[in-house]
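Visitor: Handing over coords23.cif, mmCIF, C-alpha atoms and all ligand atoms.
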```cif
data_upload
loop_
_atom_site.label_atom_id
_atom_site.label_comp_id
_atom_site.auth_asym_id
_atom_site.auth_seq_id
_atom_site.Cartn_x
_atom_site.Cartn_y
_atom_site.Cartn_z
CA MET Z 189 -2.16 -34.77 -11.60
CA CYS Z 190 1.40 -35.60 -10.82
CA LEU Z 191 1.70 -37.84 -7.76
CA GLY Z 192 4.19 -36.81 -5.15
CA VAL Z 193 3.67 -33.05 -5.59
CA ALA Z 194 1.72 -31.76 -2.64
CA ASP Z 195 -1.19 -29.39 -3.21
CA MET Z 196 -2.38 -26.46 -1.19
CA LYS Z 197 -5.35 -24.10 -1.21
CA ALA Z 198 -4.84 -20.75 -2.87
CA ALA Z 199 -6.84 -17.86 -4.34
CA ALA Z 200 -5.60 -17.82 -7.90
CA ILE Z 201 -6.60 -16.37 -11.26
CA SER Z 202 -7.00 -18.63 -14.28
CA GLY Z 203 -6.61 -15.72 -16.74
CA PHE Z 204 -6.97 -11.94 -16.84
CA GLY Z 205 -10.36 -10.32 -16.37
CA GLY Z 206 -13.23 -9.62 -13.97
CA PRO Z 207 -13.95 -11.11 -10.55
CA ASP Z 208 -14.94 -14.48 -12.03
CA VAL Z 209 -11.37 -15.35 -13.09
CA LEU Z 210 -10.50 -15.64 -9.39
CA SER Z 211 -11.23 -18.85 -7.53
CA VAL Z 212 -9.96 -20.78 -4.55
CA ALA Z 213 -8.45 -24.00 -5.81
CA ASP Z 214 -5.67 -26.51 -5.27
CA VAL Z 215 -2.33 -25.43 -6.66
CA LYS Z 216 1.17 -26.83 -6.34
CA GLU Z 217 3.07 -26.14 -3.13
CA PRO Z 218 6.06 -23.82 -3.50
CA THR Z 219 9.58 -24.86 -2.56
CA ALA Z 220 12.40 -22.63 -1.33
CA ALA Z 221 14.80 -21.82 -4.19
CA GLY Z 222 18.23 -20.32 -3.48
CA GLY Z 223 18.07 -17.66 -0.77
CA GLU Z 224 14.37 -18.24 -0.12
CA VAL Z 225 12.15 -19.44 2.67
CA VAL Z 226 8.67 -20.97 2.61
CA LEU Z 227 6.07 -19.47 4.93
CA GLN Z 228 2.88 -21.00 6.22
CA VAL Z 229 0.64 -17.99 5.65
CA LEU Z 230 -1.47 -17.06 8.67
CA CYS Z 231 -3.07 -13.93 7.32
CA ALA Z 232 -2.83 -12.00 4.05
CA GLY Z 233 -3.98 -8.51 3.09
CA LEU Z 234 -5.71 -7.15 -0.02
CA ASN Z 235 -4.41 -4.21 -2.04
CA HIS Z 236 -5.56 -2.43 -5.18
CA LEU Z 237 -2.54 -4.00 -6.82
CA ASP Z 238 -4.36 -7.35 -6.68
CA ILE Z 239 -7.10 -5.89 -8.89
CA TRP Z 240 -4.56 -4.57 -11.40
CA VAL Z 241 -2.87 -7.97 -11.52
CA ARG Z 242 -6.21 -9.74 -12.00
CA LYS Z 243 -7.23 -7.40 -14.81
CA GLY Z 244 -3.86 -7.79 -16.53
CA ARG Z 245 -1.66 -5.03 -17.92
CA PRO Z 246 -0.48 -4.74 -21.50
CA GLY Z 247 2.32 -7.24 -21.84
CA SER Z 248 1.37 -9.11 -18.66
CA GLN Z 249 2.78 -12.59 -18.83
CA LEU Z 250 2.05 -14.83 -15.90
CA GLN Z 251 1.94 -18.55 -15.59
CA MET Z 252 -1.66 -19.57 -14.86
CA PRO Z 253 -3.07 -20.31 -12.42
CA HIS Z 254 -1.44 -17.32 -10.73
CA VAL Z 255 -1.76 -16.81 -6.97
CA LEU Z 256 -2.57 -13.18 -6.02
CA GLY Z 257 -1.49 -11.28 -2.92
CA SER Z 258 1.42 -9.11 -1.77
CA ASP Z 259 0.93 -8.83 1.99
CA ALA Z 260 1.32 -11.60 4.54
CA VAL Z 261 2.33 -12.67 7.99
CA GLY Z 262 3.48 -16.26 8.27
CA VAL Z 263 5.58 -18.84 10.04
CA VAL Z 264 8.75 -20.07 8.36
CA THR Z 265 8.35 -23.78 7.57
CA ALA Z 266 11.39 -24.36 5.33
CA ALA Z 267 14.52 -22.53 4.26
CA ALA Z 268 16.94 -23.02 1.38
CA GLU Z 269 20.41 -24.26 2.18
CA GLY Z 270 22.64 -21.51 3.53
CA VAL Z 271 19.78 -19.25 4.72
CA GLU Z 272 20.62 -18.21 8.26
CA SER Z 273 17.73 -15.85 8.94
CA PRO Z 274 14.81 -16.11 9.44
CA LYS Z 275 14.79 -19.54 11.08
CA VAL Z 276 12.15 -22.23 10.80
CA GLY Z 277 9.38 -21.46 13.30
CA GLU Z 278 9.85 -17.66 13.27
CA ARG Z 279 6.81 -15.46 12.68
CA VAL Z 280 7.58 -12.85 10.02
CA ILE Z 281 6.02 -10.21 7.83
CA VAL Z 282 7.04 -9.80 4.23
CA TYR Z 283 8.54 -6.73 2.53
CA PRO Z 284 6.90 -7.24 -0.87
CA GLY Z 285 9.47 -5.46 -3.08
CA LEU Z 286 11.61 -7.59 -5.41
CA SER Z 287 14.75 -6.13 -6.95
CA CYS Z 288 17.83 -7.29 -8.82
CA GLY Z 289 20.42 -6.22 -6.23
CA ARG Z 290 22.87 -5.25 -8.98
CA CYS Z 291 21.64 -2.16 -10.85
CA GLU Z 292 22.78 1.38 -10.00
CA PHE Z 293 19.62 2.02 -7.95
CA CYS Z 294 19.85 -1.22 -5.97
CA ARG Z 295 23.49 -0.43 -5.22
CA ARG Z 296 22.39 2.83 -3.60
CA GLY Z 297 19.71 1.01 -1.58
CA GLU Z 298 16.86 2.37 -3.72
CA GLN Z 299 15.20 -0.99 -4.38
CA SER Z 300 11.87 0.45 -5.54
CA LEU Z 301 13.76 2.25 -8.35
CA CYS Z 302 15.32 -1.03 -9.52
CA VAL Z 303 15.31 -1.36 -13.31
CA ASN Z 304 13.73 -4.79 -12.82
CA PHE Z 305 11.51 -3.88 -9.89
CA GLY Z 306 8.74 -6.31 -9.05
CA ILE Z 307 6.35 -7.10 -6.22
CA VAL Z 308 5.33 -10.39 -4.61
CA GLY Z 309 2.04 -11.39 -6.23
CA LEU Z 310 2.79 -9.26 -9.30
CA VAL Z 311 5.77 -11.04 -10.81
CA ARG Z 312 5.79 -14.23 -8.74
CA PRO Z 313 3.13 -16.27 -6.90
CA GLY Z 314 1.58 -14.30 -4.07
CA THR Z 315 0.39 -14.65 -0.52
CA PHE Z 316 -3.28 -15.70 -0.90
CA ALA Z 317 -2.21 -19.29 -0.31
CA GLU Z 318 -1.53 -21.70 2.50
CA ARG Z 319 2.16 -21.41 1.69
CA VAL Z 320 4.31 -18.90 -0.16
CA ALA Z 321 8.02 -18.83 -1.04
CA VAL Z 322 9.75 -15.45 -0.65
CA PRO Z 323 13.38 -14.25 -0.50
CA ALA Z 324 14.67 -14.68 3.05
CA ALA Z 325 15.98 -11.11 2.92
CA ASN Z 326 12.38 -9.86 2.55
CA CYS Z 327 11.30 -11.28 5.91
CA CYS Z 328 11.18 -9.12 9.05
CA PRO Z 329 10.10 -10.15 12.56
CA LYS Z 330 6.39 -9.49 13.19
CA PRO Z 331 5.97 -6.50 15.55
CA ASP Z 332 4.78 -7.90 18.91
CA HIS Z 333 1.98 -5.39 19.42
CA LEU Z 334 0.18 -6.43 16.24
CA SER Z 335 -2.30 -9.30 15.92
CA ASP Z 336 -1.84 -11.65 12.98
CA GLU Z 337 -4.68 -9.86 11.18
CA GLU Z 338 -3.02 -6.48 11.69
CA ALA Z 339 0.46 -7.70 10.76
CA GLY Z 340 -0.89 -9.47 7.68
CA VAL Z 341 -2.26 -6.26 6.14
CA LEU Z 342 0.45 -3.81 7.17
CA ALA Z 343 3.33 -4.03 4.74
CA LEU Z 344 2.34 -2.62 1.36
CA SER Z 345 0.05 0.21 2.45
CA HIS Z 346 2.25 1.39 5.29
CA VAL Z 347 5.57 1.29 3.45
CA THR Z 348 3.93 3.09 0.52
CA ALA Z 349 2.57 5.84 2.80
CA TRP Z 350 5.89 6.04 4.66
CA ARG Z 351 7.91 6.60 1.51
CA MET Z 352 5.40 9.13 0.14
CA LEU Z 353 5.28 11.25 3.27
CA LEU Z 354 8.67 10.89 4.92
CA THR Z 355 11.12 9.96 2.16
CA ARG Z 356 9.60 11.77 -0.83
CA ALA Z 357 7.51 14.72 0.47
CA ARG Z 358 9.58 15.04 3.69
CA ILE Z 359 6.66 16.24 5.74
CA LYS Z 360 7.58 18.32 8.79
CA PRO Z 361 5.83 19.01 12.10
CA GLY Z 362 3.27 21.78 11.74
CA GLU Z 363 2.89 21.41 7.99
CA THR Z 364 -0.54 20.89 6.46
CA LEU Z 365 -1.37 17.75 4.51
CA LEU Z 366 -4.34 16.99 2.27
CA ILE Z 367 -5.26 13.31 1.89
CA HIS Z 368 -7.81 12.37 -0.75
CA GLY Z 369 -10.26 9.51 -0.35
CA ILE Z 370 -9.82 8.55 3.27
CA GLY Z 371 -10.80 4.90 3.65
CA GLY Z 372 -8.15 3.22 1.52
CA GLY Z 373 -5.18 1.54 3.15
CA VAL Z 374 -2.52 4.01 1.98
CA ALA Z 375 -4.65 7.05 2.88
CA ILE Z 376 -5.27 5.80 6.42
CA ALA Z 377 -1.61 4.85 6.91
CA ALA Z 378 -0.65 8.35 5.70
CA LEU Z 379 -3.06 9.89 8.23
CA GLN Z 380 -1.45 7.83 11.01
CA PHE Z 381 2.11 8.75 10.05
CA ALA Z 382 1.23 12.43 9.50
CA LYS Z 383 -0.26 12.70 12.97
CA MET Z 384 2.77 10.88 14.39
CA THR Z 385 4.95 13.50 12.70
CA GLY Z 386 2.92 16.41 14.05
CA ALA Z 387 1.31 17.58 10.80
CA GLU Z 388 -2.16 19.11 10.47
CA VAL Z 389 -4.29 16.82 8.30
CA LEU Z 390 -7.25 17.50 6.01
CA VAL Z 391 -9.06 14.45 4.64
CA THR Z 392 -11.74 14.07 1.99
CA SER Z 393 -14.46 11.49 1.33
CA SER Z 394 -18.04 11.41 0.09
CA SER Z 395 -19.02 9.39 3.15
CA ASP Z 396 -19.73 11.09 6.49
CA ALA Z 397 -19.19 7.74 8.23
CA LYS Z 398 -15.65 7.50 6.83
CA LEU Z 399 -14.93 11.14 7.70
CA SER Z 400 -16.12 10.56 11.24
CA ARG Z 401 -13.82 7.53 11.59
CA ALA Z 402 -10.93 9.59 10.20
CA LYS Z 403 -11.64 12.23 12.88
CA HIS Z 404 -11.26 9.52 15.53
CA LEU Z 405 -7.89 8.62 14.00
CA GLY Z 406 -6.76 12.22 14.40
CA ALA Z 407 -7.80 14.03 11.20
CA ASP Z 408 -7.98 17.77 11.98
CA HIS Z 409 -10.38 18.76 9.18
CA THR Z 410 -12.82 16.75 7.09
CA ILE Z 411 -14.27 17.66 3.70
CA ASN Z 412 -17.26 15.83 2.23
CA TYR Z 413 -16.84 16.29 -1.51
CA GLY Z 414 -20.39 15.08 -2.05
CA ARG Z 415 -21.60 18.48 -0.90
CA GLN Z 416 -18.47 20.63 -0.47
CA ASP Z 417 -16.02 22.10 -2.96
CA ILE Z 418 -12.64 20.65 -1.99
CA ALA Z 419 -10.49 23.49 -3.34
CA ALA Z 420 -12.68 26.17 -1.74
CA GLU Z 421 -12.71 24.34 1.60
CA VAL Z 422 -8.94 23.86 1.57
CA ARG Z 423 -8.44 27.57 0.87
CA ARG Z 424 -10.90 28.47 3.65
CA ILE Z 425 -9.22 26.18 6.21
CA THR Z 426 -5.71 27.40 5.32
CA ASP Z 427 -6.68 31.10 5.16
CA GLY Z 428 -6.20 31.19 1.41
CA ARG Z 429 -2.67 29.80 1.48
CA GLY Z 430 -3.16 26.18 0.45
CA VAL Z 431 -1.69 23.02 2.01
CA ASP Z 432 2.01 22.22 2.09
CA VAL Z 433 1.54 18.70 0.76
CA ALA Z 434 -1.19 16.85 -1.17
CA LEU Z 435 -1.05 13.06 -0.94
CA ASP Z 436 -2.85 11.33 -3.77
CA ALA Z 437 -3.60 7.65 -4.34
CA VAL Z 438 -6.66 8.45 -6.44
CA GLY Z 439 -5.26 9.79 -9.72
CA ALA Z 440 -7.20 11.41 -12.54
CA ALA Z 441 -10.13 12.61 -10.43
CA THR Z 442 -7.99 14.43 -7.88
CA TRP Z 443 -4.88 15.56 -9.78
CA PRO Z 444 -6.39 18.94 -10.85
CA LEU Z 445 -7.44 19.45 -7.21
CA ASP Z 446 -3.89 18.79 -6.03
CA ILE Z 447 -2.68 21.61 -8.27
CA ALA Z 448 -5.45 23.88 -6.98
CA CYS Z 449 -5.00 23.03 -3.29
CA ILE Z 450 -1.29 23.27 -2.57
CA ARG Z 451 0.55 26.44 -1.58
CA LYS Z 452 3.26 28.08 -3.63
CA ASP Z 453 6.27 25.76 -3.83
CA GLY Z 454 4.05 23.02 -2.34
CA ARG Z 455 4.48 19.30 -2.96
CA ILE Z 456 2.22 16.74 -4.58
CA VAL Z 457 3.05 13.09 -4.08
CA LEU Z 458 1.15 10.47 -6.07
CA CYS Z 459 1.19 6.69 -5.68
CA GLY Z 460 -1.83 5.40 -7.54
CA VAL Z 461 -4.47 5.98 -10.18
CA THR Z 462 -7.62 4.17 -9.05
CA THR Z 463 -9.73 6.72 -10.97
CA GLY Z 464 -7.59 6.71 -14.12
CA ALA Z 465 -4.08 7.45 -15.35
CA LYS Z 466 -4.65 10.45 -17.64
CA ALA Z 467 -5.32 13.88 -16.15
CA GLU Z 468 -5.12 17.52 -17.21
CA THR Z 469 -2.54 19.76 -15.60
CA ASP Z 470 -2.92 23.54 -15.35
CA LEU Z 471 0.66 24.21 -16.42
CA ARG Z 472 0.30 27.93 -15.76
CA ALA Z 473 -0.49 27.29 -12.09
CA PHE Z 474 2.25 24.68 -12.04
CA TYR Z 475 5.07 27.03 -13.07
CA TRP Z 476 3.73 30.27 -11.64
CA ASN Z 477 3.28 28.72 -8.20
CA GLN Z 478 6.57 26.79 -8.55
CA LEU Z 479 4.96 23.48 -7.64
CA ASN Z 480 6.71 20.16 -7.08
CA ALA Z 481 5.17 16.89 -8.26
CA MET Z 482 6.57 13.54 -7.16
CA GLY Z 483 5.70 9.98 -7.99
CA SER Z 484 6.21 7.23 -5.43
CA THR Z 485 6.13 3.46 -5.61
CA LEU Z 486 6.12 1.08 -2.64
CA GLY Z 487 9.38 1.75 -0.73
CA SER Z 488 12.96 0.63 -0.34
CA ALA Z 489 14.16 -1.95 2.16
CA GLU Z 490 15.34 0.98 4.29
CA ASP Z 491 11.89 2.66 4.05
CA PHE Z 492 10.42 -0.64 5.22
CA ARG Z 493 12.84 -0.91 8.15
CA GLN Z 494 12.13 2.68 9.23
CA MET Z 495 8.38 2.18 8.87
CA LEU Z 496 8.40 -0.99 11.00
CA ARG Z 497 10.48 0.78 13.62
CA ALA Z 498 8.08 3.75 13.71
CA VAL Z 499 5.06 1.44 13.86
CA THR Z 500 6.65 -0.49 16.74
CA VAL Z 501 7.81 2.51 18.78
CA ASN Z 502 4.54 4.41 18.32
CA LYS Z 503 2.34 1.30 18.62
CA VAL Z 504 0.65 2.12 15.31
CA LYS Z 505 -1.94 -0.46 14.24
CA PRO Z 506 -3.39 -0.70 10.76
CA VAL Z 507 -7.15 -0.30 10.62
CA VAL Z 508 -8.68 -3.65 9.68
CA ASP Z 509 -12.01 -3.28 7.88
CA ILE Z 510 -12.98 -6.93 7.87
CA VAL Z 511 -11.40 -10.36 8.22
CA LEU Z 512 -12.65 -12.99 5.78
CA PRO Z 513 -11.55 -16.59 5.24
CA LEU Z 514 -9.35 -17.33 2.22
CA GLU Z 515 -12.36 -19.03 0.59
CA LYS Z 516 -14.05 -15.60 0.37
CA ALA Z 517 -11.20 -13.96 -1.57
CA ARG Z 518 -13.53 -13.02 -4.42
CA GLU Z 519 -16.02 -11.30 -2.08
CA ALA Z 520 -13.12 -9.52 -0.40
CA MET Z 521 -11.97 -8.19 -3.75
CA GLU Z 522 -15.46 -7.07 -4.73
CA ARG Z 523 -15.71 -5.15 -1.46
CA MET Z 524 -12.50 -3.33 -2.30
CA GLU Z 525 -13.57 -2.63 -5.88
CA THR Z 526 -16.74 -0.91 -4.74
CA ALA Z 527 -14.67 1.16 -2.23
CA GLY Z 528 -17.00 0.11 0.56
CA GLN Z 529 -14.19 -0.48 3.04
CA PHE Z 530 -12.57 1.67 5.69
CA GLY Z 531 -9.12 0.23 6.21
CA LYS Z 532 -7.59 -3.02 5.16
CA ILE Z 533 -9.33 -6.23 4.17
CA ALA Z 534 -7.65 -9.29 5.68
CA LEU Z 535 -7.84 -12.90 4.54
CA LYS Z 536 -7.48 -15.45 7.30
CA VAL Z 537 -5.55 -18.33 5.76
CA SER Z 538 -4.59 -20.59 8.67
CA ALA Z 539 -4.74 -20.49 12.46
ZN ZN C 601 18.14 -3.37 -9.26
#
```
Go ahead and render the structure in this file as structure tokens.

Guide:
Amino acid sequence: MCLGVADMKAAAISGFGGPDVLSVADVKEPTAAGGEVVLQVLCAGLNHLDIWVRKGRPGSQLQMPHVLGSDAVGVVTAAAEGVESPKVGERVIVYPGLSCGRCEFCRRGEQSLCVNFGIVGLVRPGTFAERVAVPAANCCPKPDHLSDEEAGVLALSHVTAWRMLLTRARIKPGETLLIHGIGGGVAIAALQFAKMTGAEVLVTSSSDAKLSRAKHLGADHTINYGRQDIAAEVRRITDGRGVDVALDAVGAATWPLDIACIRKDGRIVLCGVTTGAKAETDLRAFYWNQLNAMGSTLGSAEDFRQMLRAVTVNKVKPVVDIVLPLEKAREAMERMETAGQFGKIALKVSA
């Protein structure tokens, strides 16, 4: 080991694969390169993205060990020369999108469409560490009404749900929204924002316990797909019309249902494929009913700003499933992989 380079604790992968490639070990401390700050991470949040990164994608090239994690709240401990904001000592949350700032999409403020789009923890070392370096421009003040645990898990799920519902699907008051698989971070955030907007929300799960918790968060109708036919229930609830919008973070298993459940000229917005990336589409229903299908990824810096503003004004709090110490990062990930959670899993990194 090279003397003089400080070490820190981090949850890092040593290669691509199953849960056993992840361990908590000493890795080199980051330093603030041009335009960056270093944060002492207080709390970090898990996302499905961490599983994809751990498993590796075709062409994945990461320097090992690679620190996982996209969400964090932290205190600024160092800043590169010339960085004026945030200042050392400020408590911030991180917008995890990384973009080039030069391409046609960046120039229109559409960072998540950047031709070189990346995410903290995906293309550079992540937040499951005592310290992380991030671009200063990605730091926003932590909303006062949130605890560190809540702020640490907010960013990725809530900006993703915000962009899907408000920017892409443009949900309106009084519209009906179907959310598949209530329990995941994006699905719960979407439920919160939909209720804030005044939409009528239908949620699905195979767990009565999760459906009951969704009811407490404002869900208007619940469908247990373990014993109910989702498409038939949606048609019954909407008097045969179908919902205005279907929000899908599930993928292959639910895509045919989206087609079957939305009204004529309805919208489907998809942000993830936890059940697989290949699905059949009933093209006849698609054209005859004049359906609209949209993909959505994370959100732009403006989506993030709007989301934080809405969260602050409406005192929205992310649902935290469990808080575990950084040392239990592997258990935290296993909990997420078995879909046992309701809400976000937080890793407590430092006090
Ligand atoms: Zn760009």

Visitor: Z:Ser538, Z:Gln380, Z:Thr463, Z:Ser488: which is nearest ligand ZN 601 (chain C), counting all atoms listed in the file?

Guide: Z:Ser488

Visitor: For atom CA of Ile450 of chain Z and atom CA of Glu490 of chain Z, determine how far apart the two atoms are, in Å to one decimal place.

Guide: 28.6 Å

Visitor: From the list Z:Glu278, Z:Asp408, Z:Glu298, Z:Asp214, which residue is nearest ligand ZN 601 (chain C) when using all atoms listed in the file?

Guide: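 Closest residue, counting all atoms listed in the file: Z:Glu298.
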
Visitor: Would you mind telling me which residue in Z:Ala349, Z:Lys466, Z:Gly414, Z:Glu292 lies nearest to Gln494 of chain Z when using all atoms listed in the file?

Guide: Z:Ala349

Visitor: Looking at all atoms listed in the file, which of Z:Asn480, Z:Thr392, Z:Gln249, Z:Asn235 is the one that sits closest to Thr442 of chain Z?

Guide: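 Ranking Z:Asn480, Z:Thr392, Z:Gln249, Z:Asn235 by distance to Thr442 of chain Z, first place goes to Z:Thr392.
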
Visitor: To one decimal in Å, tell me the separation between atom CA of Gly306 of chain Z and atom CA of Val341 of chain Z.

Guide: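 It comes out at 18.8 Å.
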
Visitor: Report the distance between atom CA of Leu344 of chain Z and atom CA of Pro506 of chain Z in Å, rounded to one decimal place.

Guide: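 If I compute the distance from atom CA of Leu344 of chain Z to atom CA of Pro506 of chain Z, I get 11.2 Å.
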
Visitor: Reconstruct N, CA and C atoms of segment 405-434 of chain Z from the incomplete input and present them as a PDB file, in the coordinates of the input.

Guide:
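Result went into part.pdb, see below:
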```pdb
ATOM      1  N   LEU Z 405      -9.302   8.984  14.186  1.00  0.00           N
ATOM      2  CA  LEU Z 405      -7.890   8.620  14.000  1.00  0.00           C
ATOM      3  C   LEU Z 405      -6.988   9.858  14.045  1.00  0.00           C
ATOM      4  N   GLY Z 406      -7.589  11.031  14.215  1.00  0.00           N
ATOM      5  CA  GLY Z 406      -6.760  12.220  14.400  1.00  0.00           C
ATOM      6  C   GLY Z 406      -6.856  13.271  13.299  1.00  0.00           C
ATOM      7  N   ALA Z 407      -7.675  13.031  12.271  1.00  0.00           N
ATOM      8  CA  ALA Z 407      -7.800  14.030  11.200  1.00  0.00           C
ATOM      9  C   ALA Z 407      -8.273  15.358  11.805  1.00  0.00           C
ATOM     10  N   ASP Z 408      -7.647  16.464  11.405  1.00  0.00           N
ATOM     11  CA  ASP Z 408      -7.980  17.770  11.980  1.00  0.00           C
ATOM     12  C   ASP Z 408      -9.167  18.417  11.271  1.00  0.00           C
ATOM     13  N   HIS Z 409      -9.296  18.165   9.968  1.00  0.00           N
ATOM     14  CA  HIS Z 409     -10.380  18.760   9.180  1.00  0.00           C
ATOM     15  C   HIS Z 409     -10.914  17.706   8.214  1.00  0.00           C
ATOM     16  N   THR Z 410     -12.226  17.703   8.029  1.00  0.00           N
ATOM     17  CA  THR Z 410     -12.820  16.750   7.090  1.00  0.00           C
ATOM     18  C   THR Z 410     -13.608  17.526   6.031  1.00  0.00           C
ATOM     19  N   ILE Z 411     -13.548  17.027   4.812  1.00  0.00           N
ATOM     20  CA  ILE Z 411     -14.270  17.660   3.700  1.00  0.00           C
ATOM     21  C   ILE Z 411     -15.091  16.582   2.997  1.00  0.00           C
ATOM     22  N   ASN Z 412     -16.408  16.775   2.965  1.00  0.00           N
ATOM     23  CA  ASN Z 412     -17.260  15.830   2.230  1.00  0.00           C
ATOM     24  C   ASN Z 412     -17.457  16.374   0.819  1.00  0.00           C
ATOM     25  N   TYR Z 413     -16.796  15.744  -0.147  1.00  0.00           N
ATOM     26  CA  TYR Z 413     -16.840  16.290  -1.510  1.00  0.00           C
ATOM     27  C   TYR Z 413     -18.160  16.015  -2.209  1.00  0.00           C
ATOM     28  N   GLY Z 414     -19.044  15.265  -1.520  1.00  0.00           N
ATOM     29  CA  GLY Z 414     -20.390  15.080  -2.050  1.00  0.00           C
ATOM     30  C   GLY Z 414     -21.177  16.389  -1.991  1.00  0.00           C
ATOM     31  N   ARG Z 415     -20.842  17.237  -1.026  1.00  0.00           N
ATOM     32  CA  ARG Z 415     -21.600  18.480  -0.900  1.00  0.00           C
ATOM     33  C   ARG Z 415     -20.694  19.708  -0.725  1.00  0.00           C
ATOM     34  N   GLN Z 416     -19.375  19.484  -0.634  1.00  0.00           N
ATOM     35  CA  GLN Z 416     -18.470  20.630  -0.470  1.00  0.00           C
ATOM     36  C   GLN Z 416     -17.462  20.679  -1.608  1.00  0.00           C
ATOM     37  N   ASP Z 417     -17.035  21.892  -1.927  1.00  0.00           N
ATOM     38  CA  ASP Z 417     -16.020  22.100  -2.960  1.00  0.00           C
ATOM     39  C   ASP Z 417     -14.646  21.973  -2.289  1.00  0.00           C
ATOM     40  N   ILE Z 418     -13.888  20.951  -2.691  1.00  0.00           N
ATOM     41  CA  ILE Z 418     -12.640  20.650  -1.990  1.00  0.00           C
ATOM     42  C   ILE Z 418     -11.684  21.840  -2.029  1.00  0.00           C
ATOM     43  N   ALA Z 419     -11.463  22.395  -3.218  1.00  0.00           N
ATOM     44  CA  ALA Z 419     -10.490  23.490  -3.340  1.00  0.00           C
ATOM     45  C   ALA Z 419     -10.902  24.684  -2.494  1.00  0.00           C
ATOM     46  N   ALA Z 420     -12.198  25.024  -2.519  1.00  0.00           N
ATOM     47  CA  ALA Z 420     -12.680  26.170  -1.740  1.00  0.00           C
ATOM     48  C   ALA Z 420     -12.519  25.906  -0.243  1.00  0.00           C
ATOM     49  N   GLU Z 421     -12.838  24.687   0.181  1.00  0.00           N
ATOM     50  CA  GLU Z 421     -12.710  24.340   1.600  1.00  0.00           C
ATOM     51  C   GLU Z 421     -11.257  24.382   2.060  1.00  0.00           C
ATOM     52  N   VAL Z 422     -10.365  23.856   1.213  1.00  0.00           N
ATOM     53  CA  VAL Z 422      -8.940  23.860   1.570  1.00  0.00           C
ATOM     54  C   VAL Z 422      -8.453  25.302   1.728  1.00  0.00           C
ATOM     55  N   ARG Z 423      -8.853  26.162   0.795  1.00  0.00           N
ATOM     56  CA  ARG Z 423      -8.440  27.570   0.870  1.00  0.00           C
ATOM     57  C   ARG Z 423      -9.025  28.224   2.135  1.00  0.00           C
ATOM     58  N   ARG Z 424     -10.274  27.880   2.461  1.00  0.00           N
ATOM     59  CA  ARG Z 424     -10.900  28.470   3.650  1.00  0.00           C
ATOM     60  C   ARG Z 424     -10.141  28.030   4.920  1.00  0.00           C
ATOM     61  N   ILE Z 425      -9.868  26.721   5.008  1.00  0.00           N
ATOM     62  CA  ILE Z 425      -9.220  26.180   6.210  1.00  0.00           C
ATOM     63  C   ILE Z 425      -7.806  26.735   6.372  1.00  0.00           C
ATOM     64  N   THR Z 426      -7.114  26.951   5.244  1.00  0.00           N
ATOM     65  CA  THR Z 426      -5.710  27.400   5.320  1.00  0.00           C
ATOM     66  C   THR Z 426      -5.591  28.916   5.116  1.00  0.00           C
ATOM     67  N   ASP Z 427      -6.692  29.632   5.303  1.00  0.00           N
ATOM     68  CA  ASP Z 427      -6.680  31.100   5.160  1.00  0.00           C
ATOM     69  C   ASP Z 427      -6.146  31.529   3.794  1.00  0.00           C
ATOM     70  N   GLY Z 428      -6.539  30.807   2.773  1.00  0.00           N
ATOM     71  CA  GLY Z 428      -6.200  31.190   1.410  1.00  0.00           C
ATOM     72  C   GLY Z 428      -4.826  30.729   0.939  1.00  0.00           C
ATOM     73  N   ARG Z 429      -4.053  30.147   1.825  1.00  0.00           N
ATOM     74  CA  ARG Z 429      -2.670  29.800   1.480  1.00  0.00           C
ATOM     75  C   ARG Z 429      -2.544  28.521   0.689  1.00  0.00           C
ATOM     76  N   GLY Z 430      -3.327  27.505   1.050  1.00  0.00           N
ATOM     77  CA  GLY Z 430      -3.160  26.180   0.450  1.00  0.00           C
ATOM     78  C   GLY Z 430      -2.337  25.289   1.373  1.00  0.00           C
ATOM     79  N   VAL Z 431      -2.403  23.967   1.145  1.00  0.00           N
ATOM     80  CA  VAL Z 431      -1.690  23.020   2.010  1.00  0.00           C
ATOM     81  C   VAL Z 431      -0.237  22.878   1.541  1.00  0.00           C
ATOM     82  N   ASP Z 432       0.608  22.437   2.445  1.00  0.00           N
ATOM     83  CA  ASP Z 432       2.010  22.220   2.090  1.00  0.00           C
ATOM     84  C   ASP Z 432       2.166  21.009   1.171  1.00  0.00           C
ATOM     85  N   VAL Z 433       1.397  19.961   1.486  1.00  0.00           N
ATOM     86  CA  VAL Z 433       1.540  18.700   0.760  1.00  0.00           C
ATOM     87  C   VAL Z 433       0.161  18.130   0.422  1.00  0.00           C
ATOM     88  N   ALA Z 434       0.007  17.622  -0.806  1.00  0.00           N
ATOM     89  CA  ALA Z 434      -1.190  16.850  -1.170  1.00  0.00           C
ATOM     90  C   ALA Z 434      -0.742  15.417  -1.441  1.00  0.00           C
TER      91      ALA Z 434
END
```
